[in-house]
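Peer 1: So that you have it, the file is input30.tsv, and it contains TSV, C-alpha atoms:
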```
chain	number	residue	atom	x	y	z
A	199	MET	CA	-14.96	49.35	151.98
A	200	PRO	CA	-12.42	52.04	153.03
A	201	ASP	CA	-10.46	51.66	156.25
A	202	MET	CA	-12.25	53.83	158.84
A	203	THR	CA	-9.56	53.70	161.53
A	204	ASN	CA	-7.96	56.95	162.55
A	205	PRO	CA	-4.55	57.10	160.83
A	206	LEU	CA	-3.28	59.33	163.64
A	207	GLU	CA	-3.63	56.38	166.02
A	208	ASN	CA	-1.18	54.31	163.97
A	209	ASN	CA	2.05	56.08	164.86
A	210	PRO	CA	4.90	53.56	165.05
A	211	LYS	CA	7.18	56.08	166.77
A	212	LEU	CA	4.76	56.73	169.67
A	213	MET	CA	5.60	54.55	172.67
A	214	SER	CA	4.31	54.15	176.19
A	215	LEU	CA	6.91	54.84	178.88
A	216	PRO	CA	7.42	51.09	179.59
A	217	GLN	CA	7.97	50.50	175.85
A	218	ALA	CA	10.41	53.42	175.76
A	219	VAL	CA	12.35	52.04	178.75
A	220	ALA	CA	12.61	48.61	177.09
A	221	ARG	CA	13.74	50.19	173.81
A	222	ARG	CA	16.27	52.31	175.71
A	223	GLU	CA	17.80	49.18	177.21
A	224	GLU	CA	18.19	47.76	173.68
A	225	LEU	CA	19.91	50.95	172.52
A	226	LYS	CA	22.24	50.93	175.49
A	227	ALA	CA	23.16	47.27	174.94
A	228	ALA	CA	23.94	48.08	171.30
A	229	GLY	CA	26.15	51.01	172.33
A	230	ARG	CA	23.86	53.54	170.66
A	231	LYS	CA	23.62	57.12	171.96
A	232	LEU	CA	20.16	58.43	172.93
A	233	VAL	CA	19.32	62.12	172.69
A	234	LEU	CA	16.22	63.27	174.56
A	235	THR	CA	14.31	66.50	174.31
A	236	ASN	CA	10.82	67.51	175.31
A	237	GLY	CA	8.17	70.11	174.77
A	238	CYS	CA	4.61	70.97	173.85
A	239	PHE	CA	5.15	71.29	170.08
A	240	ASP	CA	1.65	72.68	169.84
A	241	LEU	CA	1.90	74.10	166.32
A	242	LEU	CA	4.95	72.68	164.60
A	243	HIS	CA	6.90	75.50	162.93
A	244	CYS	CA	10.29	76.16	161.31
A	245	GLY	CA	11.94	76.90	164.65
A	246	HIS	CA	10.90	73.51	166.01
A	247	VAL	CA	12.08	71.61	162.94
A	248	TYR	CA	15.42	73.42	162.88
A	249	TYR	CA	16.05	72.75	166.57
A	250	LEU	CA	14.95	69.10	166.41
A	251	ARG	CA	17.14	68.39	163.38
A	252	GLU	CA	20.14	69.89	165.20
A	253	ALA	CA	19.36	67.85	168.33
A	254	ALA	CA	19.22	64.66	166.26
A	255	ARG	CA	22.83	65.23	165.20
A	256	LEU	CA	24.00	64.79	168.80
A	257	GLY	CA	23.47	61.02	168.88
A	258	ASP	CA	22.15	57.91	167.19
A	259	GLU	CA	18.48	58.38	168.04
A	260	LEU	CA	16.40	61.41	168.99
A	261	TRP	CA	13.38	60.88	171.20
A	262	VAL	CA	10.82	63.51	172.11
A	263	GLY	CA	8.93	63.61	175.38
A	264	LEU	CA	5.68	65.26	174.35
A	265	ASN	CA	3.68	67.12	176.98
A	266	SER	CA	0.17	65.70	177.12
A	267	ALA	CA	-2.73	68.08	176.49
A	268	GLU	CA	-3.37	68.24	180.23
A	269	SER	CA	0.19	69.27	181.01
A	270	VAL	CA	0.22	71.81	178.14
A	271	THR	CA	-2.89	73.43	179.60
A	272	LYS	CA	-1.21	73.61	183.03
A	273	LEU	CA	1.86	75.24	181.50
A	274	LYS	CA	0.33	77.48	178.82
A	275	GLY	CA	-3.23	78.21	179.92
A	276	PRO	CA	-6.79	77.16	179.08
A	277	THR	CA	-6.64	77.88	175.32
A	278	ARG	CA	-3.75	75.52	174.74
A	279	PRO	CA	-2.94	73.17	173.21
A	280	VAL	CA	-4.40	74.04	169.84
A	281	GLN	CA	-3.87	70.46	168.62
A	282	ASN	CA	-4.55	67.29	170.59
A	283	ASP	CA	-1.99	64.67	171.63
A	284	LEU	CA	-2.41	62.44	168.57
A	285	GLU	CA	-2.19	65.37	166.15
A	286	ARG	CA	1.00	66.71	167.70
A	287	ALA	CA	2.55	63.22	167.91
A	288	TYR	CA	1.64	62.53	164.28
A	289	MET	CA	3.38	65.70	163.09
A	290	LEU	CA	6.53	64.94	165.08
A	291	GLY	CA	6.48	61.29	164.03
A	292	ALA	CA	6.48	62.32	160.38
A	293	LEU	CA	9.94	63.89	160.79
A	294	PRO	CA	12.55	61.34	159.69
A	295	PHE	CA	15.16	62.40	162.26
A	296	ILE	CA	12.85	61.67	165.21
A	297	HIS	CA	13.06	58.02	166.20
A	298	GLY	CA	10.77	57.83	169.21
A	299	LEU	CA	8.03	59.73	171.01
A	300	PHE	CA	6.24	59.33	174.31
A	301	LEU	CA	3.63	61.38	176.09
A	302	PHE	CA	4.12	62.55	179.64
A	303	TYR	CA	1.30	63.77	181.81
A	304	THR	CA	2.92	66.04	184.36
A	305	PRO	CA	4.33	69.51	183.71
A	306	ARG	CA	7.88	68.23	184.27
A	307	LEU	CA	9.92	65.35	182.83
A	308	ASP	CA	12.04	64.33	185.82
A	309	ALA	CA	10.53	60.84	186.33
A	310	GLU	CA	10.94	60.02	182.64
A	311	ILE	CA	14.55	61.25	182.64
A	312	ARG	CA	15.29	58.98	185.61
A	313	ALA	CA	13.61	56.01	183.88
A	314	LEU	CA	15.28	56.50	180.48
A	315	ARG	CA	18.72	57.78	181.50
A	316	PRO	CA	19.49	59.37	178.11
A	317	ASP	CA	23.04	60.09	177.06
A	318	VAL	CA	22.26	63.66	175.97
A	319	TYR	CA	19.44	66.05	176.85
A	320	ALA	CA	18.91	68.89	174.38
A	321	LYS	CA	16.99	72.13	174.78
A	322	ALA	CA	16.70	75.18	172.56
A	323	GLY	CA	19.03	78.12	173.12
A	324	ASP	CA	16.45	80.21	174.93
A	325	TYR	CA	17.10	77.92	177.93
A	326	THR	CA	20.11	77.92	180.24
A	327	LEU	CA	21.09	75.57	183.04
A	328	GLU	CA	19.59	78.03	185.51
A	329	LYS	CA	16.30	78.20	183.57
A	330	LEU	CA	15.80	74.42	183.58
A	331	ASP	CA	13.28	73.22	186.12
A	332	ALA	CA	15.16	72.25	189.30
A	333	SER	CA	13.70	68.73	189.45
A	334	GLU	CA	14.53	68.07	185.79
A	335	ARG	CA	18.04	69.47	186.25
A	336	ALA	CA	18.57	67.24	189.31
A	337	ALA	CA	17.37	64.17	187.39
A	338	LEU	CA	19.77	64.97	184.56
A	339	GLN	CA	22.72	65.63	186.84
A	340	ASP	CA	22.02	62.59	189.07
A	341	ASN	CA	22.17	60.37	185.97
A	342	GLY	CA	25.26	61.96	184.44
A	343	VAL	CA	23.38	63.17	181.36
A	344	GLU	CA	25.18	65.59	179.05
A	345	ILE	CA	23.06	68.76	178.78
A	346	ARG	CA	23.24	70.69	175.51
A	347	PHE	CA	21.64	74.02	174.66
A	348	LEU	CA	21.29	74.46	170.93
A	349	PRO	CA	20.86	77.66	168.95
A	350	PHE	CA	17.30	78.34	167.99
A	351	LEU	CA	16.01	79.98	164.88
A	352	PRO	CA	15.13	83.54	165.93
A	353	GLY	CA	11.66	84.88	165.20
A	354	TYR	CA	9.79	81.58	165.38
A	355	SER	CA	7.56	80.57	168.26
A	356	THR	CA	4.14	79.07	168.74
A	357	THR	CA	3.02	82.23	170.53
A	358	LYS	CA	4.06	84.38	167.55
A	359	LEU	CA	2.37	81.99	165.13
A	360	ILE	CA	-0.88	82.10	167.11
A	361	GLY	CA	-0.62	85.90	167.14
A	362	LYS	CA	-0.26	86.03	163.35
A	363	ILE	CA	-3.26	83.75	162.92
A	364	ALA	CA	-5.34	85.85	165.33
A	365	ALA	CA	-4.34	89.06	163.49
A	366	ALA	CA	-5.24	87.54	160.13
A	367	SER	CA	-8.58	86.40	161.53
A	368	ALA	CA	-9.33	89.84	163.01
A	369	ALA	CA	-8.49	91.43	159.66
A	370	GLY	CA	-10.95	89.10	157.93
A	371	ALA	CA	-8.18	87.31	156.04
A	372	LEU	CA	-9.28	83.88	157.24
```
Now, as a test, write the supplied structure out as structure tokens.
Peer 2:
Amino acid sequence: MPDMTNPLENNPKLMSLPQAVARREELKAAGRKLVLTNGCFDLLHCGHVYYLREAARLGDELWVGLNSAESVTKLKGPTRPVQNDLERAYMLGALPFIHGLFLFYTPRLDAEIRALRPDVYAKAGDYTLEKLDASERAALQDNGVEIRFLPFLPGYSTTKLIGKIAAASAAGAL
């Protein structure tokens, strides 16, 4: 009889916040550098993969705080996310340079930053220090986290990808 469990539920990189905090303490004790980033990652595209690979080069492990579906809807509107939490986490977990994932349920990551105290926080180059949410910026600065803004691959965004799909659908190409 075939295994009927949902393979998306078996994601060894997906952790609860308490698991992530415990794993962070292990990394710190071993002198390993943690890089943290976050986002919706609704439809994984080349721009995401490029940015995440570059972020991973900043330390020993890259972890992604993944906005929950509820928080994506609050940030992006009622038609988002396109993919659910498990689908988005599965796609990110398949990338070899991502070592850990956790979901967060509020629009901002400040509590998780304070709990994890990463060594480096990375965001794509369309952000600046001034564009970071004030509570997230305060959490980073209060914990002495190095903030890095990385170049992003121009021309790639989830919004553009959704637009292309909608145009193809309207043209009868789908």
Peer 1: For atom CA of Leu234 of chain A and atom CA of Trp261 of chain A, quote the distance in Å rounded to one decimal.
Peer 2: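 Computed distance, atom CA of Leu234 of chain A to atom CA of Trp261 of chain A, equals 5.0 Å.
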Peer 1: Could you state the separation of atom CA of Gly361 of chain A and atom CA of Leu293 of chain A in Å, given to one decimal place?
Peer 2: 25.2 Å
Peer 1: Given all atoms listed in the file, how would the per-residue table for segment 200-233 of chain A near segment 313-323 of chain A read, listing every residue at most 8 Å away with its closest atom pair and distance in Å to one decimal, sorted by chain and number, as CSV?
Peer 2:
```
residue,atom,partner,partner_atom,distance
A:Ala218,CA,A:Leu314,CA,7.4
A:Val219,CA,A:Leu314,CA,5.6
A:Arg222,CA,A:Leu314,CA,6.4
A:Lys231,CA,A:Asp317,CA,5.9
A:Leu232,CA,A:Asp317,CA,5.3
A:Val233,CA,A:Val318,CA,4.7
```
Peer 1: So, with all atoms listed in the file as the atoms that count, which of A:Arg312, A:Pro305, A:Asp324, A:Val280 lies closest to Asp340 of chain A?
Peer 2: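 For Asp340 of chain A, the nearest of the candidates is A:Arg312.
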Peer 1: So the first atom is atom CA of Ile296 of chain A and the second is atom CA of Gly263 of chain A; what is the distance between them in Å, to one decimal place?
Peer 2: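 Computed distance, atom CA of Ile296 of chain A to atom CA of Gly263 of chain A, equals 11.1 Å.
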Peer 1: Measuring between all atoms listed in the file, which one of A:Ala371, A:Ala227, A:Cys238, A:Cys244 shows the shortest distance to Gly353 of chain A?
Peer 2: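 Of the candidates, the smallest distance to Gly353 of chain A is held by A:Cys244.
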Peer 1: Would you pick out the contacts of segment 326-339 of chain A at 8 Å or less, using all atoms listed in the file, so that residues sharing its chain but fewer than 5 positions from it are not included, and give the list as a list in words?
Peer 2: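 Here the answer would be Arg306, Leu307, Asp308, Ala309, Ile311, Arg312, Arg315, Tyr319, Glu344, Ile345 and Phe347 of chain A.
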Peer 1: List every protein, DNA or RNA residue that has an atom no more than 10 Å from (4.0, 80.0, 164.7) in the file's coordinate frame, counting only C-alpha atoms, and report them as JSON, numbers by chain.
Peer 2: {"A": [240, 241, 242, 243, 244, 245, 246, 353, 354, 355, 356, 357, 358, 359, 360, 361, 362, 363]}
Peer 1: Please dump the current selection as a PDB file, in the frame of the given file; keep C-alpha atoms.
Peer 2:
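Generated output (result39.pdb):
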```pdb
ATOM      1  CA  ASP A 240       1.650  72.680 169.840  1.00  0.00           C
ATOM      2  CA  LEU A 241       1.900  74.100 166.320  1.00  0.00           C
ATOM      3  CA  LEU A 242       4.950  72.680 164.600  1.00  0.00           C
ATOM      4  CA  HIS A 243       6.900  75.500 162.930  1.00  0.00           C
ATOM      5  CA  CYS A 244      10.290  76.160 161.310  1.00  0.00           C
ATOM      6  CA  GLY A 245      11.940  76.900 164.650  1.00  0.00           C
ATOM      7  CA  HIS A 246      10.900  73.510 166.010  1.00  0.00           C
ATOM      8  CA  GLY A 353      11.660  84.880 165.200  1.00  0.00           C
ATOM      9  CA  TYR A 354       9.790  81.580 165.380  1.00  0.00           C
ATOM     10  CA  SER A 355       7.560  80.570 168.260  1.00  0.00           C
ATOM     11  CA  THR A 356       4.140  79.070 168.740  1.00  0.00           C
ATOM     12  CA  THR A 357       3.020  82.230 170.530  1.00  0.00           C
ATOM     13  CA  LYS A 358       4.060  84.380 167.550  1.00  0.00           C
ATOM     14  CA  LEU A 359       2.370  81.990 165.130  1.00  0.00           C
ATOM     15  CA  ILE A 360      -0.880  82.100 167.110  1.00  0.00           C
ATOM     16  CA  GLY A 361      -0.620  85.900 167.140  1.00  0.00           C
ATOM     17  CA  LYS A 362      -0.260  86.030 163.350  1.00  0.00           C
ATOM     18  CA  ILE A 363      -3.260  83.750 162.920  1.00  0.00           C
TER      19      ILE A 363
END
```
Peer 1: Excluding Arg230 of chain A and any residue of its chain fewer than 5 positions from it, enumerate the residues within 8 Å of it, using only C-alpha atoms, and give them as a PyMOL selection string.
Peer 2: chain A and resi 225+257-259
Peer 1: So, with only C-alpha atoms as the atoms that count, which of A:Arg251, A:Lys272, A:Lys211, A:Arg221 lies closest to Ala287 of chain A?
Peer 2: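 Residue with the minimum atom-to-atom distance to Ala287 of chain A: A:Lys211.
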Peer 1: For each of A:Val343, A:Ser269, A:Asp283, A:Ala254, take the minimum atom-to-atom distance to Phe300 of chain A, counting all atoms listed in the file, then give the residue where this is smallest.
Peer 2: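 Nearest to Phe300 of chain A: A:Asp283.
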Peer 1: (-5.2, 67.0, 179.2) in this file's frame - what residues fall within 12 Å of it? Use all atoms listed in the file and give the answer as a list in words.
Peer 2: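 Those residues, ordered by chain and then number, are Cys238, Asn265, Ser266, Ala267, Glu268, Ser269, Val270, Thr271, Lys272, Leu273, Lys274, Gly275, Pro276, Thr277, Arg278, Pro279, Val280, Gln281, Asn282, Asp283, Leu284, Leu301, Phe302, Tyr303, Thr304 and Pro305 of chain A.
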Peer 1: Closest to Val247 of chain A among A:Leu206, A:Leu212, A:Ala292, A:Leu264, using all atoms listed in the file?
Peer 2: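 Using all atoms listed in the file, the shortest distance to Val247 of chain A belongs to A:Ala292.
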Peer 1: Could N, CA and C atoms be built for segment 209-238 of chain A and written out as a PDB file, in the frame of the given file?
Peer 2:
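What ended up in result04.pdb:
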```
ATOM      1  N   ASN A 209       0.790  55.342 164.875  1.00  0.00           N
ATOM      2  CA  ASN A 209       2.050  56.080 164.860  1.00  0.00           C
ATOM      3  C   ASN A 209       3.121  55.153 165.430  1.00  0.00           C
ATOM      4  N   PRO A 210       3.920  54.533 164.561  1.00  0.00           N
ATOM      5  CA  PRO A 210       4.900  53.560 165.050  1.00  0.00           C
ATOM      6  C   PRO A 210       5.995  54.154 165.940  1.00  0.00           C
ATOM      7  N   LYS A 211       6.152  55.458 165.928  1.00  0.00           N
ATOM      8  CA  LYS A 211       7.180  56.080 166.770  1.00  0.00           C
ATOM      9  C   LYS A 211       6.665  56.410 168.171  1.00  0.00           C
ATOM     10  N   LEU A 212       5.356  56.394 168.370  1.00  0.00           N
ATOM     11  CA  LEU A 212       4.760  56.730 169.670  1.00  0.00           C
ATOM     12  C   LEU A 212       4.776  55.509 170.576  1.00  0.00           C
ATOM     13  N   MET A 213       5.435  55.653 171.724  1.00  0.00           N
ATOM     14  CA  MET A 213       5.600  54.550 172.670  1.00  0.00           C
ATOM     15  C   MET A 213       5.021  54.928 174.022  1.00  0.00           C
ATOM     16  N   SER A 214       4.622  53.924 174.776  1.00  0.00           N
ATOM     17  CA  SER A 214       4.310  54.150 176.190  1.00  0.00           C
ATOM     18  C   SER A 214       5.653  54.259 176.918  1.00  0.00           C
ATOM     19  N   LEU A 215       5.656  54.750 178.137  1.00  0.00           N
ATOM     20  CA  LEU A 215       6.910  54.840 178.880  1.00  0.00           C
ATOM     21  C   LEU A 215       7.541  53.458 179.090  1.00  0.00           C
ATOM     22  N   PRO A 216       6.782  52.411 179.471  1.00  0.00           N
ATOM     23  CA  PRO A 216       7.420  51.090 179.590  1.00  0.00           C
ATOM     24  C   PRO A 216       8.037  50.604 178.274  1.00  0.00           C
ATOM     25  N   GLN A 217       7.383  50.870 177.152  1.00  0.00           N
ATOM     26  CA  GLN A 217       7.970  50.500 175.850  1.00  0.00           C
ATOM     27  C   GLN A 217       9.250  51.289 175.604  1.00  0.00           C
ATOM     28  N   ALA A 218       9.233  52.569 175.956  1.00  0.00           N
ATOM     29  CA  ALA A 218      10.410  53.420 175.760  1.00  0.00           C
ATOM     30  C   ALA A 218      11.573  52.923 176.627  1.00  0.00           C
ATOM     31  N   VAL A 219      11.290  52.538 177.860  1.00  0.00           N
ATOM     32  CA  VAL A 219      12.350  52.040 178.750  1.00  0.00           C
ATOM     33  C   VAL A 219      12.949  50.755 178.178  1.00  0.00           C
ATOM     34  N   ALA A 220      12.109  49.858 177.684  1.00  0.00           N
ATOM     35  CA  ALA A 220      12.610  48.610 177.090  1.00  0.00           C
ATOM     36  C   ALA A 220      13.453  48.899 175.846  1.00  0.00           C
ATOM     37  N   ARG A 221      12.985  49.812 175.018  1.00  0.00           N
ATOM     38  CA  ARG A 221      13.740  50.190 173.810  1.00  0.00           C
ATOM     39  C   ARG A 221      15.055  50.865 174.193  1.00  0.00           C
ATOM     40  N   ARG A 222      15.047  51.647 175.243  1.00  0.00           N
ATOM     41  CA  ARG A 222      16.270  52.310 175.710  1.00  0.00           C
ATOM     42  C   ARG A 222      17.312  51.286 176.118  1.00  0.00           C
ATOM     43  N   GLU A 223      16.865  50.228 176.795  1.00  0.00           N
ATOM     44  CA  GLU A 223      17.800  49.180 177.210  1.00  0.00           C
ATOM     45  C   GLU A 223      18.431  48.512 175.986  1.00  0.00           C
ATOM     46  N   GLU A 224      17.657  48.329 174.926  1.00  0.00           N
ATOM     47  CA  GLU A 224      18.190  47.760 173.680  1.00  0.00           C
ATOM     48  C   GLU A 224      19.241  48.691 173.072  1.00  0.00           C
ATOM     49  N   LEU A 225      18.948  49.978 173.059  1.00  0.00           N
ATOM     50  CA  LEU A 225      19.910  50.950 172.520  1.00  0.00           C
ATOM     51  C   LEU A 225      21.205  50.932 173.312  1.00  0.00           C
ATOM     52  N   LYS A 226      21.056  50.913 174.624  1.00  0.00           N
ATOM     53  CA  LYS A 226      22.240  50.930 175.490  1.00  0.00           C
ATOM     54  C   LYS A 226      23.083  49.673 175.261  1.00  0.00           C
ATOM     55  N   ALA A 227      22.434  48.522 175.162  1.00  0.00           N
ATOM     56  CA  ALA A 227      23.160  47.270 174.940  1.00  0.00           C
ATOM     57  C   ALA A 227      23.885  47.280 173.593  1.00  0.00           C
ATOM     58  N   ALA A 228      23.320  47.991 172.629  1.00  0.00           N
ATOM     59  CA  ALA A 228      23.940  48.080 171.300  1.00  0.00           C
ATOM     60  C   ALA A 228      24.968  49.198 171.212  1.00  0.00           C
ATOM     61  N   GLY A 229      25.180  49.928 172.321  1.00  0.00           N
ATOM     62  CA  GLY A 229      26.150  51.010 172.330  1.00  0.00           C
ATOM     63  C   GLY A 229      25.709  52.239 171.548  1.00  0.00           C
ATOM     64  N   ARG A 230      24.400  52.410 171.416  1.00  0.00           N
ATOM     65  CA  ARG A 230      23.860  53.540 170.660  1.00  0.00           C
ATOM     66  C   ARG A 230      23.526  54.694 171.605  1.00  0.00           C
ATOM     67  N   LYS A 231      23.763  55.908 171.153  1.00  0.00           N
ATOM     68  CA  LYS A 231      23.620  57.120 171.960  1.00  0.00           C
ATOM     69  C   LYS A 231      22.216  57.699 171.792  1.00  0.00           C
ATOM     70  N   LEU A 232      21.517  57.878 172.922  1.00  0.00           N
ATOM     71  CA  LEU A 232      20.160  58.430 172.930  1.00  0.00           C
ATOM     72  C   LEU A 232      20.178  59.905 173.295  1.00  0.00           C
ATOM     73  N   VAL A 233      19.536  60.707 172.441  1.00  0.00           N
ATOM     74  CA  VAL A 233      19.320  62.120 172.690  1.00  0.00           C
ATOM     75  C   VAL A 233      17.852  62.301 173.043  1.00  0.00           C
ATOM     76  N   LEU A 234      17.582  63.012 174.116  1.00  0.00           N
ATOM     77  CA  LEU A 234      16.220  63.270 174.560  1.00  0.00           C
ATOM     78  C   LEU A 234      15.960  64.760 174.585  1.00  0.00           C
ATOM     79  N   THR A 235      14.793  65.146 174.132  1.00  0.00           N
ATOM     80  CA  THR A 235      14.310  66.500 174.310  1.00  0.00           C
ATOM     81  C   THR A 235      12.836  66.409 174.665  1.00  0.00           C
ATOM     82  N   ASN A 236      12.245  67.531 174.972  1.00  0.00           N
ATOM     83  CA  ASN A 236      10.820  67.510 175.310  1.00  0.00           C
ATOM     84  C   ASN A 236      10.197  68.859 175.019  1.00  0.00           C
ATOM     85  N   GLY A 237       8.875  68.867 174.972  1.00  0.00           N
ATOM     86  CA  GLY A 237       8.170  70.110 174.770  1.00  0.00           C
ATOM     87  C   GLY A 237       6.719  69.894 174.425  1.00  0.00           C
ATOM     88  N   CYS A 238       6.036  70.999 174.194  1.00  0.00           N
ATOM     89  CA  CYS A 238       4.610  70.970 173.850  1.00  0.00           C
ATOM     90  C   CYS A 238       4.409  70.755 172.352  1.00  0.00           C
TER      91      CYS A 238
END
```
